[in-house]
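K.L.:
PDB, C-alpha atoms, saved as structure.pdb, coming up:
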```pdb
ATOM      1  CA  MET U  15      21.893  -6.316  22.212
ATOM      2  CA  GLU U  16      22.438  -8.336  19.070
ATOM      3  CA  ILE U  17      19.735  -9.488  16.688
ATOM      4  CA  GLY U  18      20.757 -11.751  13.844
ATOM      5  CA  GLY U  19      24.431 -10.987  14.488
ATOM      6  CA  ALA U  20      23.923  -7.211  14.244
ATOM      7  CA  SER U  21      24.145  -4.821  17.147
ATOM      8  CA  MET U  22      20.976  -2.835  17.846
ATOM      9  CA  ASP U  23      21.097   0.917  18.362
ATOM     10  CA  PRO U  24      20.409   1.761  22.047
ATOM     11  CA  GLN U  25      17.675   4.253  21.127
ATOM     12  CA  VAL U  26      15.915   1.694  18.953
ATOM     13  CA  ARG U  27      16.223  -0.876  21.739
ATOM     14  CA  ALA U  28      14.718   1.573  24.275
ATOM     15  CA  GLY U  29      11.921   2.467  21.873
ATOM     16  CA  LEU U  30      11.049  -1.173  21.280
ATOM     17  CA  GLU U  31      11.118  -1.861  24.996
ATOM     18  CA  ARG U  32       8.653   0.991  25.630
ATOM     19  CA  SER U  33       6.303   0.420  22.695
ATOM     20  CA  TRP U  34       6.163  -3.318  22.083
ATOM     21  CA  LYS U  35       2.608  -3.612  23.466
ATOM     22  CA  VAL U  36       1.317  -0.876  21.161
ATOM     23  CA  LEU U  37       3.087  -2.462  18.189
ATOM     24  CA  MET U  38       1.581  -5.830  19.095
ATOM     25  CA  GLY U  39      -1.907  -4.315  19.350
ATOM     26  CA  ILE U  40      -1.616  -2.541  16.002
ATOM     27  CA  GLY U  41      -0.180  -5.681  14.412
ATOM     28  CA  VAL U  42      -3.002  -7.897  15.666
ATOM     29  CA  LEU U  43      -5.563  -5.278  14.570
ATOM     30  CA  ALA U  44      -3.978  -5.105  11.091
ATOM     31  CA  ILE U  45      -4.139  -8.902  10.784
ATOM     32  CA  PHE U  46      -7.800  -8.884  11.882
ATOM     33  CA  VAL U  47      -8.765  -6.076   9.467
ATOM     34  CA  GLY U  48      -6.798  -7.823   6.709
ATOM     35  CA  CYS U  49      -8.764 -11.031   7.284
ATOM     36  CA  VAL U  50     -12.040  -9.078   7.214
ATOM     37  CA  ALA U  51     -10.940  -7.385   3.974
ATOM     38  CA  ILE U  52     -10.277 -10.782   2.407
ATOM     39  CA  LEU U  53     -13.607 -12.177   3.610
ATOM     40  CA  VAL U  54     -15.571  -9.082   2.493
ATOM     41  CA  PRO U  55     -13.423  -7.666  -0.321
ATOM     42  CA  ALA U  56     -16.124  -5.480  -1.890
ATOM     43  CA  VAL U  57     -16.526  -3.494   1.335
ATOM     44  CA  ALA U  58     -12.756  -3.158   1.658
ATOM     45  CA  ALA U  59     -12.512  -1.982  -1.954
ATOM     46  CA  VAL U  60     -15.109   0.747  -1.414
ATOM     47  CA  GLY U  61     -13.416   1.730   1.842
ATOM     48  CA  THR U  62     -10.084   1.949   0.035
ATOM     49  CA  ALA U  63     -11.605   4.161  -2.679
ATOM     50  CA  ILE U  64     -13.058   6.505  -0.048
ATOM     51  CA  PHE U  65      -9.755   6.584   1.856
ATOM     52  CA  ILE U  66      -7.818   7.437  -1.309
ATOM     53  CA  GLY U  67     -10.443  10.080  -2.095
ATOM     54  CA  TRP U  68      -9.841  11.800   1.249
ATOM     55  CA  ILE U  69      -6.079  11.625   0.737
ATOM     56  CA  LEU U  70      -6.458  13.273  -2.676
ATOM     57  CA  LEU U  71      -8.820  15.914  -1.288
ATOM     58  CA  VAL U  72      -6.355  16.914   1.442
ATOM     59  CA  ALA U  73      -3.416  16.757  -0.987
ATOM     60  CA  GLY U  74      -5.360  18.914  -3.448
ATOM     61  CA  ALA U  75      -5.943  21.550  -0.771
ATOM     62  CA  PHE U  76      -2.207  21.678  -0.089
ATOM     63  CA  LEU U  77      -1.481  21.813  -3.825
ATOM     64  CA  ILE U  78      -3.853  24.762  -4.224
ATOM     65  CA  ALA U  79      -2.090  26.623  -1.418
ATOM     66  CA  ALA U  80       1.327  25.765  -2.862
ATOM     67  CA  ALA U  81       0.307  26.877  -6.355
ATOM     68  CA  PHE U  82       0.329  30.503  -5.237
ATOM     69  CA  SER U  83       4.070  30.287  -4.624
ATOM     70  CA  ALA U  84       4.619  29.995  -8.390
ATOM     71  CA  VAL U  85       6.959  32.554  -9.926
ATOM     72  CA  SER U  86       5.129  32.891 -13.252
ATOM     73  CA  VAL U  87       1.520  33.051 -14.367
ATOM     74  CA  GLY U  88       1.968  29.975 -16.557
ATOM     75  CA  SER U  89       3.321  27.970 -13.640
ATOM     76  CA  LEU U  90       0.495  29.219 -11.417
ATOM     77  CA  VAL U  91      -2.138  28.146 -13.952
ATOM     78  CA  LEU U  92      -0.589  24.689 -14.422
ATOM     79  CA  ARG U  93      -0.248  24.147 -10.687
ATOM     80  CA  LEU U  94      -3.843  25.242 -10.087
ATOM     81  CA  LEU U  95      -5.124  22.930 -12.832
ATOM     82  CA  TRP U  96      -3.217  20.002 -11.302
ATOM     83  CA  ALA U  97      -4.506  20.892  -7.820
ATOM     84  CA  ILE U  98      -8.103  21.247  -9.003
ATOM     85  CA  LEU U  99      -7.890  17.918 -10.845
ATOM     86  CA  THR U 100      -6.600  16.304  -7.654
ATOM     87  CA  VAL U 101      -9.500  17.767  -5.644
ATOM     88  CA  VAL U 102     -12.077  16.732  -8.275
ATOM     89  CA  VAL U 103     -10.789  13.136  -8.371
ATOM     90  CA  GLY U 104     -10.746  13.047  -4.559
ATOM     91  CA  VAL U 105     -14.329  14.294  -4.298
ATOM     92  CA  TRP U 106     -15.406  11.876  -7.032
ATOM     93  CA  LEU U 107     -13.898   8.916  -5.144
ATOM     94  CA  ILE U 108     -15.642  10.012  -1.943
ATOM     95  CA  VAL U 109     -19.044  10.628  -3.579
ATOM     96  CA  GLU U 110     -18.963   7.706  -6.052
ATOM     97  CA  PRO U 111     -16.728   5.096  -4.409
ATOM     98  CA  HIS U 112     -18.104   2.196  -6.461
ATOM     99  CA  SER U 113     -17.278   3.948  -9.743
ATOM    100  CA  GLY U 114     -13.933   4.870  -8.233
ATOM    101  CA  THR U 115     -13.371   1.241  -7.342
ATOM    102  CA  LEU U 116     -13.924   0.277 -10.987
ATOM    103  CA  THR U 117     -11.344   2.811 -12.128
ATOM    104  CA  LEU U 118      -8.867   1.835  -9.411
ATOM    105  CA  THR U 119      -9.287  -1.834 -10.326
ATOM    106  CA  LEU U 120      -8.619  -1.130 -14.001
ATOM    107  CA  VAL U 121      -5.495   0.859 -13.117
ATOM    108  CA  LEU U 122      -4.433  -1.876 -10.687
ATOM    109  CA  GLY U 123      -4.823  -4.561 -13.366
ATOM    110  CA  ILE U 124      -2.777  -2.552 -15.864
ATOM    111  CA  TYR U 125      -0.152  -1.863 -13.177
ATOM    112  CA  PHE U 126       0.227  -5.560 -12.308
ATOM    113  CA  LEU U 127       0.380  -6.476 -15.981
ATOM    114  CA  PHE U 128       3.224  -4.059 -16.739
ATOM    115  CA  MET U 129       4.970  -4.652 -13.408
ATOM    116  CA  GLY U 130       4.954  -8.379 -14.139
ATOM    117  CA  LEU U 131       6.297  -7.913 -17.659
ATOM    118  CA  SER U 132       8.997  -5.544 -16.358
ATOM    119  CA  ARG U 133      10.135  -7.966 -13.665
ATOM    120  CA  ILE U 134      10.221 -10.839 -16.127
ATOM    121  CA  ALA U 135      12.381  -8.711 -18.454
ATOM    122  CA  VAL U 136      14.704  -7.736 -15.578
ATOM    123  CA  ALA U 137      15.000 -11.375 -14.518
ATOM    124  CA  PHE U 138      15.733 -12.430 -18.096
ATOM    125  CA  LEU U 139      18.426  -9.753 -18.451
ATOM    126  CA  GLY U 140      19.894 -10.712 -15.066
ATOM    127  CA  ARG U 141      19.762 -14.467 -15.561
ATOM    128  CA  GLY U 142      22.607 -16.143 -13.754
ATOM    129  CA  GLN U 143      22.656 -13.400 -11.118
ATOM    130  CA  PRO U 144      21.625 -14.064  -7.512
ATOM    131  CA  ASN U 145      17.843 -13.843  -7.008
ATOM    132  CA  ALA U 146      17.089 -13.363 -10.714
ATOM    133  CA  GLY U 147      14.836 -16.400 -10.521
ATOM    134  CA  LEU U 148      12.874 -14.909  -7.619
ATOM    135  CA  VAL U 149      12.455 -11.654  -9.525
ATOM    136  CA  GLY U 150      11.207 -13.645 -12.509
ATOM    137  CA  LEU U 151       8.817 -15.635 -10.327
ATOM    138  CA  SER U 152       7.512 -12.396  -8.833
ATOM    139  CA  GLY U 153       7.049 -11.091 -12.381
ATOM    140  CA  VAL U 154       5.103 -14.155 -13.457
ATOM    141  CA  ALA U 155       2.854 -13.825 -10.375
ATOM    142  CA  GLY U 156       2.281 -10.119 -11.086
ATOM    143  CA  LEU U 157       1.562 -10.833 -14.741
ATOM    144  CA  LEU U 158      -0.967 -13.545 -13.853
ATOM    145  CA  ILE U 159      -2.679 -11.274 -11.295
ATOM    146  CA  GLY U 160      -2.867  -8.467 -13.866
ATOM    147  CA  ILE U 161      -4.314 -10.803 -16.518
ATOM    148  CA  LEU U 162      -6.841 -12.228 -14.042
ATOM    149  CA  ILE U 163      -7.975  -8.766 -12.938
ATOM    150  CA  LEU U 164      -8.289  -7.497 -16.523
ATOM    151  CA  ILE U 165     -10.001 -10.624 -17.905
ATOM    152  CA  LYS U 166     -12.575 -10.555 -15.096
ATOM    153  CA  PHE U 167     -13.057  -6.765 -15.279
ATOM    154  CA  PRO U 168     -15.462  -5.184 -14.234
ATOM    155  CA  SER U 169     -16.517  -7.978 -11.867
ATOM    156  CA  SER U 170     -12.955  -8.096 -10.516
ATOM    157  CA  ALA U 171     -13.645  -4.701  -8.908
ATOM    158  CA  ASP U 172     -15.696  -6.598  -6.331
ATOM    159  CA  TRP U 173     -12.703  -8.549  -5.043
ATOM    160  CA  ALA U 174      -9.322  -7.397  -6.402
ATOM    161  CA  ILE U 175      -8.635  -4.292  -4.318
ATOM    162  CA  GLY U 176     -10.098  -5.750  -1.135
ATOM    163  CA  LEU U 177      -8.134  -8.966  -1.534
ATOM    164  CA  LEU U 178      -4.838  -7.181  -2.163
ATOM    165  CA  VAL U 179      -5.406  -4.682   0.656
ATOM    166  CA  GLY U 180      -6.276  -7.587   2.966
ATOM    167  CA  ILE U 181      -3.116  -9.479   2.055
ATOM    168  CA  ASP U 182      -1.027  -6.345   2.549
ATOM    169  CA  LEU U 183      -2.592  -5.682   5.964
ATOM    170  CA  ILE U 184      -1.915  -9.257   7.065
ATOM    171  CA  PHE U 185       1.747  -8.984   6.048
ATOM    172  CA  ALA U 186       2.049  -5.581   7.742
ATOM    173  CA  GLY U 187       0.460  -6.986  10.897
ATOM    174  CA  TRP U 188       2.752  -9.980  10.809
ATOM    175  CA  THR U 189       5.773  -7.655  10.528
ATOM    176  CA  LEU U 190       4.565  -5.472  13.414
ATOM    177  CA  THR U 191       3.896  -8.431  15.686
ATOM    178  CA  SER U 192       7.367  -9.821  14.877
ATOM    179  CA  ILE U 193       8.934  -6.476  15.818
ATOM    180  CA  ALA U 194       6.790  -6.347  18.962
ATOM    181  CA  LEU U 195       8.079  -9.776  20.008
ATOM    182  CA  VAL U 196      11.644  -8.444  19.748
ATOM    183  CA  GLY U 197      10.629  -5.539  21.994
ATOM    184  CA  LYS U 198       8.989  -7.947  24.423
ATOM    185  CA  ASP U 199      12.208  -9.984  24.607
ATOM    186  CA  ILE U 200      14.190  -6.797  25.268
ATOM    187  CA  ALA U 201      11.793  -5.778  28.048
ATOM    188  CA  ARG U 202      11.909  -9.267  29.558
ATOM    189  CA  THR U 203      15.718  -9.464  29.595
ATOM    190  CA  ARG U 204      16.003  -6.041  31.276
ATOM    191  CA  ALA U 205      13.468  -6.937  33.968
TER     192      ALA U 205
END
```
Represent the supplied structure as structure tokens.
P.N.:
Amino acid sequence: MEIGGASMDPQVRAGLERSWKVLMGIGVLAIFVGCVAILVPAVAAVGTAIFIGWILLVAGAFLIAAAFSAVSVGSLVLRLLWAILTVVVGVWLIVEPHSGTLTLTLVLGIYFLFMGLSRIAVAFLGRGQPNAGLVGLSGVAGLLIGILILIKFPSSADWAIGLLVGIDLIFAGWTLTSIALVGKDIARTRA
């Protein structure tokens, strides 16, 4: 089967044929949760902080276990310090998600600010190249988002993370439903 002029791998085609309904369900759910996150961004922001906290807690446990594979005492100590810091930050995000949301929002604002400046610089250096304008436009958008988050900080913690997570979930859901429709077409043509 060809999609967009490219031949599809038979295993991928079979997988899409089998799983298109699941992909569609997950895609629709992601779009729904993304819309909820945009409508209630403060709740989504706290949920994101707690989720990241659990990820750090589990990662910290693995880092502690891995630290004991160090070949020197100095390496062991540094690895354990890093692992303990990871666990402490994870627990802090779980226990104090609102404070964690403030910190995450500050980091997010700084990230967007520097990401925007970097993309603008790359676009300026690549002017005349294909898509340099789009990179520059993306940089300007990132820069404006970073400035908005930082100017409105700490009140931006109530909406920034939830809004961005919601937008990301909607795009992810849109992608999954698009892939599911390809799988549905494959299943329909084989029937």
K.L.:
Which one is closest to Thr100 (chain U): U:Ala73, U:Leu148, U:Val26, U:Ile193? Count all atoms listed in the file.
P.N.:
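Under the stated criterion, the closest residue is U:Ala73.
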K.L.:
Suppose a student applies the PyMOL selection byres ((chain U and resi 65) around 12) to this structure; what residues should they get, written as an MDAnalysis selection string?
P.N.:
chainID U and resid 58:64 66:72 104:109 111 114:115
K.L.:
Quick one: what's the axis-aligned box for region 46-56 of chain U, all listed atoms, 6 Å on every side, centre and edges in Å to one decimal, as lines of an AutoDock Vina configuration file?
P.N.:
```
center_x = -11.5
center_y = -8.8
center_z = 5.0
size_x = 21.3
size_y = 18.7
size_z = 25.8
```
K.L.:
Since I can't run it myself right now, could you work out what the PyMOL selection byres ((chain U and resi 123) around 12) selects here and report it as a ChimeraX atom specification?
P.N.:
/U:115-122,124-130,156-168,170-171,174-175,178
K.L.:
For the atom pair CA of Gly147 (chain U) and CA of Ile134 (chain U), what is the interatomic distance in Å to one decimal place?
P.N.:
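About the pair CA of Gly147 (chain U) and CA of Ile134 (chain U): they are 9.1 Å apart.
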K.L.:
What does the distance between CA of Asp182 (chain U) and CA of Gly41 (chain U) come to in Å, to one decimal place?
P.N.:
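Atom-to-atom, CA of Asp182 (chain U) to CA of Gly41 (chain U), that is 11.9 Å.
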K.L.:
Between CA of Gly150 (chain U) and CA of Leu131 (chain U), what is the distance, to one decimal in Å?
P.N.:
9.1 Å
K.L.:
Go through U:Thr203, U:Ala194, U:Pro144, U:Ser132 one by one, measure the shortest atom-to-atom distance of each to Val36 (chain U) using only C-alpha atoms, and give the residue with the smallest value.
P.N.:
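Checking each candidate against Val36 (chain U), we get U:Ala194 as the closest.
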K.L.:
Assuming the chain letters and numbering stay as they are in my file, what does the PyMOL selection byres ((chain U and resi 137) around 8) actually select? List them as a list in words.
P.N.:
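In the shown coordinates, the PyMOL selection byres ((chain U and resi 137) around 8) covers Arg133, Ile134, Ala135, Val136, Phe138, Leu139, Gly140, Arg141, Ala146, Gly147, Val149 and Gly150 of chain U.
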K.L.:
As a PDB file, keeping the file's coordinate frame, please: region 50-85 of chain U completed to N, CA and C atoms.
P.N.:
```pdb
ATOM      1  N   VAL U  50     -10.696  -9.578   7.549  1.00  0.00           N
ATOM      2  CA  VAL U  50     -12.040  -9.078   7.214  1.00  0.00           C
ATOM      3  C   VAL U  50     -12.059  -8.599   5.761  1.00  0.00           C
ATOM      4  N   ALA U  51     -11.001  -7.884   5.345  1.00  0.00           N
ATOM      5  CA  ALA U  51     -10.940  -7.385   3.974  1.00  0.00           C
ATOM      6  C   ALA U  51     -10.937  -8.531   2.967  1.00  0.00           C
ATOM      7  N   ILE U  52     -10.293  -9.633   3.307  1.00  0.00           N
ATOM      8  CA  ILE U  52     -10.277 -10.782   2.407  1.00  0.00           C
ATOM      9  C   ILE U  52     -11.644 -11.465   2.386  1.00  0.00           C
ATOM     10  N   LEU U  53     -12.292 -11.532   3.536  1.00  0.00           N
ATOM     11  CA  LEU U  53     -13.607 -12.177   3.610  1.00  0.00           C
ATOM     12  C   LEU U  53     -14.708 -11.329   2.976  1.00  0.00           C
ATOM     13  N   VAL U  54     -14.578  -9.996   3.050  1.00  0.00           N
ATOM     14  CA  VAL U  54     -15.571  -9.082   2.493  1.00  0.00           C
ATOM     15  C   VAL U  54     -14.838  -8.070   1.598  1.00  0.00           C
ATOM     16  N   PRO U  55     -14.284  -8.534   0.484  1.00  0.00           N
ATOM     17  CA  PRO U  55     -13.423  -7.666  -0.321  1.00  0.00           C
ATOM     18  C   PRO U  55     -14.135  -6.471  -0.952  1.00  0.00           C
ATOM     19  N   ALA U  56     -15.414  -6.604  -1.267  1.00  0.00           N
ATOM     20  CA  ALA U  56     -16.124  -5.480  -1.890  1.00  0.00           C
ATOM     21  C   ALA U  56     -16.211  -4.296  -0.939  1.00  0.00           C
ATOM     22  N   VAL U  57     -16.463  -4.566   0.331  1.00  0.00           N
ATOM     23  CA  VAL U  57     -16.526  -3.494   1.335  1.00  0.00           C
ATOM     24  C   VAL U  57     -15.154  -2.863   1.496  1.00  0.00           C
ATOM     25  N   ALA U  58     -14.115  -3.681   1.532  1.00  0.00           N
ATOM     26  CA  ALA U  58     -12.756  -3.158   1.658  1.00  0.00           C
ATOM     27  C   ALA U  58     -12.376  -2.323   0.439  1.00  0.00           C
ATOM     28  N   ALA U  59     -12.824  -2.727  -0.736  1.00  0.00           N
ATOM     29  CA  ALA U  59     -12.512  -1.982  -1.954  1.00  0.00           C
ATOM     30  C   ALA U  59     -13.162  -0.602  -1.923  1.00  0.00           C
ATOM     31  N   VAL U  60     -14.419  -0.546  -1.511  1.00  0.00           N
ATOM     32  CA  VAL U  60     -15.109   0.747  -1.414  1.00  0.00           C
ATOM     33  C   VAL U  60     -14.454   1.607  -0.338  1.00  0.00           C
ATOM     34  N   GLY U  61     -14.104   0.997   0.779  1.00  0.00           N
ATOM     35  CA  GLY U  61     -13.416   1.730   1.842  1.00  0.00           C
ATOM     36  C   GLY U  61     -12.077   2.278   1.373  1.00  0.00           C
ATOM     37  N   THR U  62     -11.360   1.500   0.578  1.00  0.00           N
ATOM     38  CA  THR U  62     -10.084   1.949   0.035  1.00  0.00           C
ATOM     39  C   THR U  62     -10.291   3.127  -0.913  1.00  0.00           C
ATOM     40  N   ALA U  63     -11.315   3.058  -1.753  1.00  0.00           N
ATOM     41  CA  ALA U  63     -11.605   4.161  -2.679  1.00  0.00           C
ATOM     42  C   ALA U  63     -11.923   5.440  -1.911  1.00  0.00           C
ATOM     43  N   ILE U  64     -12.716   5.327  -0.855  1.00  0.00           N
ATOM     44  CA  ILE U  64     -13.058   6.505  -0.048  1.00  0.00           C
ATOM     45  C   ILE U  64     -11.814   7.047   0.648  1.00  0.00           C
ATOM     46  N   PHE U  65     -10.989   6.165   1.190  1.00  0.00           N
ATOM     47  CA  PHE U  65      -9.755   6.584   1.856  1.00  0.00           C
ATOM     48  C   PHE U  65      -8.837   7.331   0.886  1.00  0.00           C
ATOM     49  N   ILE U  66      -8.645   6.774  -0.305  1.00  0.00           N
ATOM     50  CA  ILE U  66      -7.818   7.437  -1.309  1.00  0.00           C
ATOM     51  C   ILE U  66      -8.434   8.776  -1.709  1.00  0.00           C
ATOM     52  N   GLY U  67      -9.771   8.816  -1.790  1.00  0.00           N
ATOM     53  CA  GLY U  67     -10.443  10.080  -2.095  1.00  0.00           C
ATOM     54  C   GLY U  67     -10.120  11.157  -1.077  1.00  0.00           C
ATOM     55  N   TRP U  68     -10.164  10.820   0.205  1.00  0.00           N
ATOM     56  CA  TRP U  68      -9.841  11.800   1.249  1.00  0.00           C
ATOM     57  C   TRP U  68      -8.379  12.226   1.174  1.00  0.00           C
ATOM     58  N   ILE U  69      -7.504  11.278   0.884  1.00  0.00           N
ATOM     59  CA  ILE U  69      -6.079  11.625   0.737  1.00  0.00           C
ATOM     60  C   ILE U  69      -5.903  12.622  -0.411  1.00  0.00           C
ATOM     61  N   LEU U  70      -6.566  12.361  -1.536  1.00  0.00           N
ATOM     62  CA  LEU U  70      -6.458  13.273  -2.676  1.00  0.00           C
ATOM     63  C   LEU U  70      -7.076  14.635  -2.380  1.00  0.00           C
ATOM     64  N   LEU U  71      -8.174  14.648  -1.642  1.00  0.00           N
ATOM     65  CA  LEU U  71      -8.820  15.914  -1.288  1.00  0.00           C
ATOM     66  C   LEU U  71      -7.894  16.772  -0.430  1.00  0.00           C
ATOM     67  N   VAL U  72      -7.287  16.178   0.578  1.00  0.00           N
ATOM     68  CA  VAL U  72      -6.355  16.914   1.442  1.00  0.00           C
ATOM     69  C   VAL U  72      -5.116  17.338   0.645  1.00  0.00           C
ATOM     70  N   ALA U  73      -4.584  16.421  -0.168  1.00  0.00           N
ATOM     71  CA  ALA U  73      -3.416  16.757  -0.987  1.00  0.00           C
ATOM     72  C   ALA U  73      -3.748  17.891  -1.954  1.00  0.00           C
ATOM     73  N   GLY U  74      -4.944  17.855  -2.531  1.00  0.00           N
ATOM     74  CA  GLY U  74      -5.360  18.914  -3.448  1.00  0.00           C
ATOM     75  C   GLY U  74      -5.431  20.266  -2.770  1.00  0.00           C
ATOM     76  N   ALA U  75      -5.897  20.287  -1.523  1.00  0.00           N
ATOM     77  CA  ALA U  75      -5.943  21.550  -0.771  1.00  0.00           C
ATOM     78  C   ALA U  75      -4.530  22.101  -0.581  1.00  0.00           C
ATOM     79  N   PHE U  76      -3.598  21.238  -0.230  1.00  0.00           N
ATOM     80  CA  PHE U  76      -2.207  21.678  -0.089  1.00  0.00           C
ATOM     81  C   PHE U  76      -1.627  22.133  -1.427  1.00  0.00           C
ATOM     82  N   LEU U  77      -1.976  21.426  -2.502  1.00  0.00           N
ATOM     83  CA  LEU U  77      -1.481  21.813  -3.825  1.00  0.00           C
ATOM     84  C   LEU U  77      -2.028  23.172  -4.253  1.00  0.00           C
ATOM     85  N   ILE U  78      -3.283  23.449  -3.913  1.00  0.00           N
ATOM     86  CA  ILE U  78      -3.853  24.762  -4.224  1.00  0.00           C
ATOM     87  C   ILE U  78      -3.091  25.852  -3.483  1.00  0.00           C
ATOM     88  N   ALA U  79      -2.843  25.633  -2.202  1.00  0.00           N
ATOM     89  CA  ALA U  79      -2.090  26.623  -1.418  1.00  0.00           C
ATOM     90  C   ALA U  79      -0.681  26.799  -1.979  1.00  0.00           C
ATOM     91  N   ALA U  80      -0.042  25.693  -2.352  1.00  0.00           N
ATOM     92  CA  ALA U  80       1.327  25.765  -2.862  1.00  0.00           C
ATOM     93  C   ALA U  80       1.393  26.398  -4.241  1.00  0.00           C
ATOM     94  N   ALA U  81       0.302  26.318  -5.003  1.00  0.00           N
ATOM     95  CA  ALA U  81       0.307  26.877  -6.355  1.00  0.00           C
ATOM     96  C   ALA U  81       0.583  28.374  -6.346  1.00  0.00           C
ATOM     97  N   PHE U  82       0.169  29.057  -5.290  1.00  0.00           N
ATOM     98  CA  PHE U  82       0.329  30.503  -5.237  1.00  0.00           C
ATOM     99  C   PHE U  82       1.773  30.926  -4.950  1.00  0.00           C
ATOM    100  N   SER U  83       2.653  29.955  -4.770  1.00  0.00           N
ATOM    101  CA  SER U  83       4.070  30.287  -4.624  1.00  0.00           C
ATOM    102  C   SER U  83       4.785  30.264  -5.970  1.00  0.00           C
ATOM    103  N   ALA U  84       4.032  30.044  -7.047  1.00  0.00           N
ATOM    104  CA  ALA U  84       4.619  29.995  -8.390  1.00  0.00           C
ATOM    105  C   ALA U  84       5.209  31.354  -8.761  1.00  0.00           C
ATOM    106  N   VAL U  85       6.277  31.317  -9.550  1.00  0.00           N
ATOM    107  CA  VAL U  85       6.959  32.554  -9.926  1.00  0.00           C
ATOM    108  C   VAL U  85       6.419  33.147 -11.226  1.00  0.00           C
TER     109      VAL U  85
END
```
